[in-house]
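As stored in final_32.txt (compact mmCIF, C-alpha atoms):
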# COMPACT_ATOMS: atom_id res chain seq x y z
CA MET A 10 7.60 -13.60 -19.58
CA ALA A 11 7.94 -9.94 -20.57
CA ARG A 12 9.95 -7.69 -18.31
CA THR A 13 7.95 -5.08 -16.46
CA ARG A 14 9.02 -1.58 -17.42
CA VAL A 15 8.80 0.77 -14.47
CA ARG A 16 9.36 4.48 -14.89
CA HIS A 17 9.62 7.04 -12.12
CA THR A 18 8.67 10.61 -12.89
CA ARG A 19 7.73 13.79 -11.09
CA ILE A 20 4.33 15.11 -12.16
CA VAL A 21 2.93 18.65 -11.87
CA SER A 22 -0.44 20.26 -12.42
CA LEU A 23 -1.84 23.66 -11.60
CA VAL A 24 -0.75 25.78 -8.66
CA ALA A 25 -3.91 24.69 -6.87
CA LEU A 26 -2.61 21.15 -6.90
CA SER A 27 -0.28 21.89 -4.01
CA ALA A 28 -3.28 22.86 -1.90
CA ALA A 29 -5.05 19.60 -2.63
CA LEU A 30 -3.02 17.42 -0.29
CA PRO A 31 -5.07 17.10 2.92
CA LEU A 32 -4.17 14.18 5.14
CA LEU A 33 -7.50 12.44 4.87
CA THR A 34 -6.08 9.28 6.38
CA GLY A 35 -2.79 7.62 7.15
CA CYS A 36 -0.57 5.61 4.86
CA GLY A 37 -2.67 2.51 4.87
CA GLY A 38 -5.72 0.83 3.42
CA GLU A 39 -9.36 1.67 3.75
CA ASP A 40 -11.80 -0.74 5.36
CA ALA A 41 -14.38 0.01 2.70
CA PRO A 42 -13.97 -1.79 -0.62
CA ALA A 43 -12.58 0.15 -3.52
CA THR A 44 -15.20 1.80 -5.69
CA GLY A 45 -13.55 1.54 -9.08
CA THR A 46 -13.30 4.81 -10.97
CA THR A 47 -14.05 8.23 -9.57
CA GLY A 48 -14.42 11.71 -10.94
CA THR A 49 -16.26 12.31 -14.20
CA THR A 50 -15.45 9.06 -15.94
CA GLY A 51 -18.31 7.13 -14.37
CA THR A 52 -17.79 3.38 -14.68
CA THR A 53 -14.56 1.52 -15.11
CA GLY A 54 -15.30 -0.64 -18.12
CA THR A 55 -12.80 -3.42 -18.80
CA GLY A 56 -9.16 -3.57 -19.73
CA ALA A 57 -9.93 -5.52 -22.89
CA THR A 58 -12.27 -2.79 -24.10
CA GLY A 59 -10.12 0.12 -22.94
CA THR A 60 -6.83 -1.09 -24.44
CA GLY A 61 -7.93 -3.05 -27.49
CA GLY A 62 -6.46 -6.31 -26.21
CA ARG A 63 -2.91 -4.95 -25.69
CA LYS A 64 -1.16 -4.66 -22.33
CA PRO A 65 -2.26 -1.44 -20.60
CA VAL A 66 -0.12 1.62 -19.98
CA VAL A 67 -0.54 2.40 -16.29
CA VAL A 68 0.40 5.49 -14.26
CA VAL A 69 0.30 5.13 -10.47
CA THR A 70 0.71 7.64 -7.69
CA THR A 71 3.01 5.49 -5.50
CA THR A 72 4.90 2.20 -5.49
CA TRP A 73 2.05 0.60 -3.54
CA GLU A 74 -0.42 1.10 -6.38
CA GLY A 75 2.39 0.21 -8.77
CA ALA A 76 2.98 -3.12 -7.05
CA LEU A 77 -0.71 -3.95 -7.26
CA ALA A 78 -0.72 -3.06 -10.96
CA LYS A 79 2.37 -5.19 -11.58
CA ALA A 80 0.86 -8.10 -9.67
CA ALA A 81 -2.28 -7.77 -11.79
CA GLY A 82 -0.27 -8.14 -15.00
CA ALA A 83 0.61 -4.58 -16.06
CA GLU A 84 4.05 -4.29 -17.64
CA ASP A 85 4.30 -0.58 -18.51
CA ILE A 86 4.05 1.29 -15.19
CA THR A 87 5.03 4.85 -14.34
CA VAL A 88 5.29 5.88 -10.67
CA ILE A 89 4.65 9.54 -9.80
CA VAL A 90 5.61 9.90 -6.13
CA PRO A 91 9.25 8.99 -5.44
CA GLN A 92 9.72 5.91 -3.28
CA SER A 93 11.80 8.02 -0.88
CA VAL A 94 8.65 9.94 0.15
CA HIS A 95 7.30 7.94 3.08
CA HIS A 96 3.95 9.72 3.34
CA ALA A 97 2.41 10.11 -0.09
CA PRO A 98 -0.17 12.81 0.77
CA ASP A 99 2.73 15.04 1.83
CA TYR A 100 4.24 14.92 -1.64
CA ASP A 101 4.64 18.36 -3.21
CA PRO A 102 4.46 17.98 -7.01
CA LYS A 103 7.26 19.63 -8.99
CA PRO A 104 7.17 20.97 -12.56
CA SER A 105 7.68 18.08 -14.96
CA ASP A 106 6.45 16.39 -18.11
CA LEU A 107 2.80 15.35 -18.13
CA ALA A 108 3.22 13.08 -21.14
CA ALA A 109 3.16 9.92 -19.03
CA VAL A 110 -0.32 10.66 -17.70
CA ALA A 111 -1.57 11.92 -21.06
CA ALA A 112 -0.57 8.62 -22.70
CA ALA A 113 -1.89 6.34 -19.95
CA ASP A 114 -4.77 3.92 -20.19
CA PHE A 115 -5.23 3.84 -16.41
CA VAL A 116 -4.28 6.14 -13.53
CA LEU A 117 -4.32 4.37 -10.16
CA TYR A 118 -4.61 6.28 -6.89
CA ALA A 119 -5.78 5.88 -3.30
CA PRO A 120 -8.53 7.96 -1.67
CA PHE A 121 -6.03 9.73 0.63
CA GLU A 122 -4.16 10.99 -2.46
CA PRO A 123 -6.61 13.64 -3.71
CA TYR A 124 -4.13 15.18 -6.14
CA ALA A 125 -4.43 12.22 -8.53
CA ALA A 126 -7.62 13.50 -10.17
CA LYS A 127 -6.08 16.95 -10.62
CA ILE A 128 -2.97 15.40 -12.17
CA LYS A 129 -5.11 13.64 -14.74
CA GLU A 130 -7.20 16.74 -15.38
CA ALA A 131 -4.13 18.93 -15.84
CA ALA A 132 -2.63 16.46 -18.29
CA GLY A 133 -5.76 16.29 -20.39
CA SER A 134 -5.65 12.53 -20.15
CA LYS A 135 -8.42 10.22 -21.27
CA ALA A 136 -7.17 7.54 -18.91
CA ARG A 137 -9.53 5.71 -16.61
CA LEU A 138 -9.05 6.97 -13.07
CA VAL A 139 -9.18 3.95 -10.75
CA GLU A 140 -9.36 4.20 -6.97
CA VAL A 141 -7.58 1.30 -5.30
CA ASN A 142 -7.84 -0.12 -1.80
CA LEU A 143 -4.39 0.02 -0.23
CA ASP A 144 -4.42 -2.69 2.41
CA ASN A 145 -1.77 -5.39 2.76
CA ASP A 146 -4.18 -7.77 4.42
CA PRO A 147 -3.55 -10.76 2.13
CA ALA A 148 -7.22 -11.39 1.39
CA LYS A 149 -7.83 -7.74 0.50
CA ALA A 150 -4.64 -7.39 -1.52
CA GLY A 151 -5.40 -10.57 -3.45
CA ALA A 152 -8.94 -9.41 -4.19
CA GLU A 153 -7.68 -6.03 -5.40
CA VAL A 154 -5.15 -7.63 -7.74
CA VAL A 155 -7.85 -9.86 -9.21
CA ARG A 156 -10.11 -6.81 -9.68
CA LEU A 157 -7.36 -4.88 -11.45
CA GLY A 158 -6.61 -7.88 -13.63
CA GLY A 159 -10.22 -7.77 -14.76
CA LEU A 160 -9.91 -4.08 -15.64
CA PHE A 161 -6.61 -4.56 -17.47
CA GLY A 162 -7.68 -7.69 -19.32
CA THR A 163 -4.85 -9.63 -17.62
CA GLU A 164 -6.91 -12.01 -15.53
CA ASP A 165 -4.56 -14.98 -15.89
CA ALA A 166 -1.55 -13.02 -14.65
CA ALA A 167 -3.54 -11.70 -11.70
CA ALA A 168 -4.78 -15.16 -10.76
CA GLY A 169 -1.25 -16.55 -10.95
CA TRP A 170 0.07 -13.84 -8.64
CA LYS A 171 -2.74 -14.38 -6.14
CA SER A 172 -1.82 -18.05 -6.02
CA ARG A 173 1.79 -17.11 -5.27
CA LEU A 174 0.62 -14.69 -2.58
CA ASP A 175 -1.47 -17.39 -0.89
CA GLY A 176 1.48 -19.77 -0.91
CA GLU A 177 3.90 -17.14 0.43
CA VAL A 178 1.56 -16.10 3.24
CA THR A 179 1.00 -19.72 4.29
CA LYS A 180 4.76 -20.30 4.35
CA LEU A 181 5.54 -17.12 6.33
CA ASN A 182 2.73 -17.73 8.78
CA GLY A 183 4.11 -21.18 9.51
CA GLU A 184 7.62 -19.83 10.03
CA LEU A 185 6.41 -17.08 12.36
CA LYS A 186 4.30 -19.44 14.44
CA ALA A 187 7.35 -21.65 14.84
CA ALA A 188 9.18 -18.60 16.21
CA TRP A 189 6.56 -17.70 18.83
CA PRO A 190 8.23 -17.09 22.21
CA ASP A 191 7.57 -20.10 24.45
CA GLY A 192 5.34 -21.48 21.69
CA ARG A 193 2.53 -19.03 22.48
CA SER A 194 0.91 -16.41 20.29
CA PRO A 195 2.52 -13.06 21.20
CA VAL A 196 0.32 -10.28 22.54
CA VAL A 197 0.60 -7.15 20.39
CA VAL A 198 -0.71 -3.64 19.97
CA THR A 199 -0.71 -2.45 16.37
CA GLN A 200 -1.15 0.74 14.41
CA VAL A 201 -4.39 0.48 12.44
CA PHE A 202 -2.61 0.23 9.07
CA THR A 203 -0.18 -2.49 10.16
CA ALA A 204 -2.76 -4.87 11.61
CA TRP A 205 -2.17 -7.16 8.62
CA ALA A 206 1.31 -7.92 9.97
CA ALA A 207 -0.15 -9.10 13.26
CA GLY A 208 -2.38 -11.45 11.30
CA LEU A 209 0.61 -12.69 9.30
CA ALA A 210 2.34 -13.62 12.56
CA GLY A 211 -0.75 -15.18 14.11
CA ALA A 212 -0.33 -12.69 16.95
CA THR A 213 -3.02 -11.83 19.49
CA THR A 214 -4.00 -8.18 18.98
CA VAL A 215 -5.23 -6.58 22.20
CA GLY A 216 -5.47 -3.01 20.93
CA THR A 217 -4.90 -0.62 18.04
CA TYR A 218 -3.95 3.03 17.75
CA GLY A 219 -3.72 5.75 15.11
CA PRO A 220 -3.66 7.23 12.66
CA GLU A 221 -4.00 10.11 15.14
CA PRO A 222 -1.35 10.45 17.88
CA VAL A 223 -1.88 8.29 20.96
CA THR A 224 -3.75 10.17 23.68
CA PRO A 225 -2.85 9.88 27.38
CA SER A 226 -5.95 7.77 28.03
CA GLN A 227 -5.07 5.45 25.12
CA LEU A 228 -1.53 5.19 26.39
CA ALA A 229 -2.73 4.07 29.79
CA SER A 230 -5.28 1.64 28.34
CA LEU A 231 -2.89 0.03 25.85
CA SER A 232 -0.05 -0.20 28.35
CA ALA A 233 -2.32 -1.94 30.86
CA LYS A 234 -2.83 -4.77 28.38
CA LYS A 235 0.89 -5.59 28.67
CA PRO A 236 1.71 -6.24 25.01
CA ALA A 237 4.99 -7.91 24.17
CA PHE A 238 5.25 -6.00 20.89
CA VAL A 239 4.00 -2.79 19.29
CA LEU A 240 3.69 -2.97 15.49
CA ASP A 241 4.34 0.57 14.30
CA ASN A 242 3.69 2.05 10.86
CA ALA A 243 7.13 3.01 9.52
CA HIS A 244 5.53 5.62 7.25
CA MET A 245 3.75 7.46 10.08
CA SER A 246 5.86 6.77 13.14
CA THR A 247 5.70 9.27 15.99
CA GLY A 248 8.46 7.62 17.97
CA THR A 249 8.07 5.18 20.84
CA VAL A 250 4.36 4.50 21.21
CA LEU A 251 4.25 2.89 24.67
CA PRO A 252 7.46 4.11 26.32
CA ASP A 253 6.75 2.63 29.76
CA ALA A 254 5.07 -0.64 28.76
CA GLY A 255 8.24 -2.65 28.22
CA ALA A 256 7.01 -3.67 24.76
CA GLU A 257 9.41 -4.01 21.86
CA GLN A 258 8.44 -1.77 18.96
CA VAL A 259 8.65 -3.26 15.45
CA ALA A 260 8.54 -1.00 12.38
CA ILE A 261 6.34 -2.39 9.60
CA VAL A 262 6.79 -1.07 6.06
CA ASN A 263 3.69 -0.95 3.84
CA TYR A 264 5.13 0.45 0.62
CA PRO A 265 7.07 -1.79 -1.79
CA GLY A 266 10.43 -0.72 -3.17
CA GLU A 267 11.16 0.52 -6.66
CA ASP A 268 11.04 -3.06 -7.96
CA LEU A 269 7.28 -3.02 -7.15
CA ASP A 270 7.51 -6.43 -5.51
CA LEU A 271 4.57 -6.63 -3.10
CA LEU A 272 5.53 -10.12 -1.94
CA ALA A 273 8.78 -8.63 -0.61
CA VAL A 274 6.71 -6.48 1.77
CA TYR A 275 5.38 -9.64 3.42
CA ARG A 276 8.81 -11.26 3.53
CA ASP A 277 10.40 -8.15 5.02
CA ALA A 278 7.68 -7.82 7.67
CA ALA A 279 8.06 -11.48 8.57
CA ALA A 280 11.81 -11.03 8.91
CA GLU A 281 11.37 -8.07 11.28
CA LEU A 282 8.79 -9.94 13.36
CA LYS A 283 10.92 -13.07 13.52
CA LYS A 284 13.91 -11.01 14.60
CA ALA A 285 11.87 -9.34 17.36
CA MET A 286 10.45 -12.63 18.63
CA GLY A 287 13.88 -14.22 18.58

Would you mind giving the structure from this file in structure tokens?
Amino acid sequence: MARTRVRHTRIVSLVALSAALPLLTGCGGEDAPATGTTGTTGTTGTGATGTGGRKPVVVVTTTWEGALAKAAGAEDITVIVPQSVHHAPDYDPKPSDLAAVAAADFVLYAPFEPYAAKIKEAAGSKARLVEVNLDNDPAKAGAEVVRLGGLFGTEDAAAGWKSRLDGEVTKLNGELKAAWPDGRSPVVVTQVFTAWAAGLAGATTVGTYGPEPVTPSQLASLSAKKPAFVLDNAHMSTGTVLPDAGAEQVAIVNYPGEDLDLLAVYRDAAAELKKAMG
């Protein structure tokens, strides 16, 4: 199997690019399905047509999109936003080489990263701009990988990864259920973009919060439900969410590391949950 080549670069566009970073949503997925391409390119086409049967050259805004691309079978991936930046829409592009985008077949971005289209425009790229659905819910992540595999012309690789995802989730779910305190599903409150982790643990979700700060009325309502755990979004944390509820707060990480291993996100979340329940 070929080794995936991952490059990390800092991309710039016009001065106006810095003003195009509104926080449209938090660091998490959208409930609506991804729409494919956006901007002026119209439809997505297919990877086989767009790349002439070769493996695609893919530029992604963050490691999350990069992990989805890698899972789908891409092997030449360039990441724009450094992994150290926890909240991608806050990224302030710096002057750098636009060659990576100009040479790309696909540029992957999320709808809360509005600078992606301007990056492509500034680079003069003919790449297909593909909006992806960032959601670590296993069913949604698997579906997105399969969709990207269809675009890249790497369907077999995408299907193989989805099979590994299904197996990993089944394994982790079994381990977490075995760790339930007193053998009962734990009661949790979760940030809206970490709800997938509650599902992974088989937890009972009694309330959600975010991406906006918790209001006093929400605080009272969520605390009254007496959750054992609060699943917080590590990329958007505002500190202790329910300070007087006696609930243990667990930080859940959505973004993969620089190795672009999305399965590691599930393993790491399971480890944090198991530690908290133990």

Enumerate, in order of chain and increasing residue number, the residues of range 221-271 of chain A with an atom no farther than 12 Å from range 81-88 of chain A, each with its shortest atom pair and distance in Å to one decimal, counting all atoms listed in the file, as a tab-separated table.
residue	atom	partner	partner_atom	distance
A:Pro265	CA	A:Val88	CA	11.9
A:Gly266	CA	A:Val88	CA	11.2
A:Glu267	CA	A:Val88	CA	8.9
A:Asp268	CA	A:Ile86	CA	11.0
A:Leu269	CA	A:Ile86	CA	9.7
A:Asp270	CA	A:Ala81	CA	11.7
A:Leu271	CA	A:Ala81	CA	11.1

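Between CA of Gln258 in chain A and CA of Gly183 in chain A the interatomic distance comes to 22.0 Å.
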
task: Check the smallest atom-to-atom distance from each of A:Leu143, A:Leu117, A:Ala206, A:Ala229 to Ala260 in chain A using all atoms listed in the file, then report the winner.
output: A:Ala206

Test item: residues at most 10 Å from Arg276 in chain A, only C-alpha atoms, excluding those fewer than 6 positions along its chain, as an mmCIF file with C-alpha atoms, in the frame of the given file:
data_model
loop_
_atom_site.group_PDB
_atom_site.id
_atom_site.type_symbol
_atom_site.label_atom_id
_atom_site.label_comp_id
_atom_site.auth_asym_id
_atom_site.auth_seq_id
_atom_site.Cartn_x
_atom_site.Cartn_y
_atom_site.Cartn_z
ATOM 1 C CA GLU A 177 3.900 -17.140 0.430
ATOM 2 C CA VAL A 178 1.560 -16.100 3.240
ATOM 3 C CA LYS A 180 4.760 -20.300 4.350
ATOM 4 C CA LEU A 181 5.540 -17.120 6.330
ATOM 5 C CA LEU A 282 8.790 -9.940 13.360
#

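The protein and nucleic acid residues lying at most 12 Å from Ser172 in chain A are Ala80, Ala81, Pro147, Ala148, Ala150, Gly151, Ala152, Val154, Val155, Asp165, Ala166, Ala167, Ala168, Gly169, Trp170, Leu174, Asp175, Gly176, Glu177, Val178, Thr179 and Leu272 of chain A, with only C-alpha atoms considered and sequence neighbours fewer than 2 positions away removed.
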
Any chance you can output those residues with C-alpha atoms as a PDB file, in the frame of the given file?
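again_3.pdb, freshly written:
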ATOM      1  CA  ALA A  80       0.860  -8.100  -9.670  1.00  0.00           C
ATOM      2  CA  ALA A  81      -2.280  -7.770 -11.790  1.00  0.00           C
ATOM      3  CA  PRO A 147      -3.550 -10.760   2.130  1.00  0.00           C
ATOM      4  CA  ALA A 148      -7.220 -11.390   1.390  1.00  0.00           C
ATOM      5  CA  ALA A 150      -4.640  -7.390  -1.520  1.00  0.00           C
ATOM      6  CA  GLY A 151      -5.400 -10.570  -3.450  1.00  0.00           C
ATOM      7  CA  ALA A 152      -8.940  -9.410  -4.190  1.00  0.00           C
ATOM      8  CA  VAL A 154      -5.150  -7.630  -7.740  1.00  0.00           C
ATOM      9  CA  VAL A 155      -7.850  -9.860  -9.210  1.00  0.00           C
ATOM     10  CA  ASP A 165      -4.560 -14.980 -15.890  1.00  0.00           C
ATOM     11  CA  ALA A 166      -1.550 -13.020 -14.650  1.00  0.00           C
ATOM     12  CA  ALA A 167      -3.540 -11.700 -11.700  1.00  0.00           C
ATOM     13  CA  ALA A 168      -4.780 -15.160 -10.760  1.00  0.00           C
ATOM     14  CA  GLY A 169      -1.250 -16.550 -10.950  1.00  0.00           C
ATOM     15  CA  TRP A 170       0.070 -13.840  -8.640  1.00  0.00           C
ATOM     16  CA  LEU A 174       0.620 -14.690  -2.580  1.00  0.00           C
ATOM     17  CA  ASP A 175      -1.470 -17.390  -0.890  1.00  0.00           C
ATOM     18  CA  GLY A 176       1.480 -19.770  -0.910  1.00  0.00           C
ATOM     19  CA  GLU A 177       3.900 -17.140   0.430  1.00  0.00           C
ATOM     20  CA  VAL A 178       1.560 -16.100   3.240  1.00  0.00           C
ATOM     21  CA  THR A 179       1.000 -19.720   4.290  1.00  0.00           C
ATOM     22  CA  LEU A 272       5.530 -10.120  -1.940  1.00  0.00           C
TER      23      LEU A 272
END
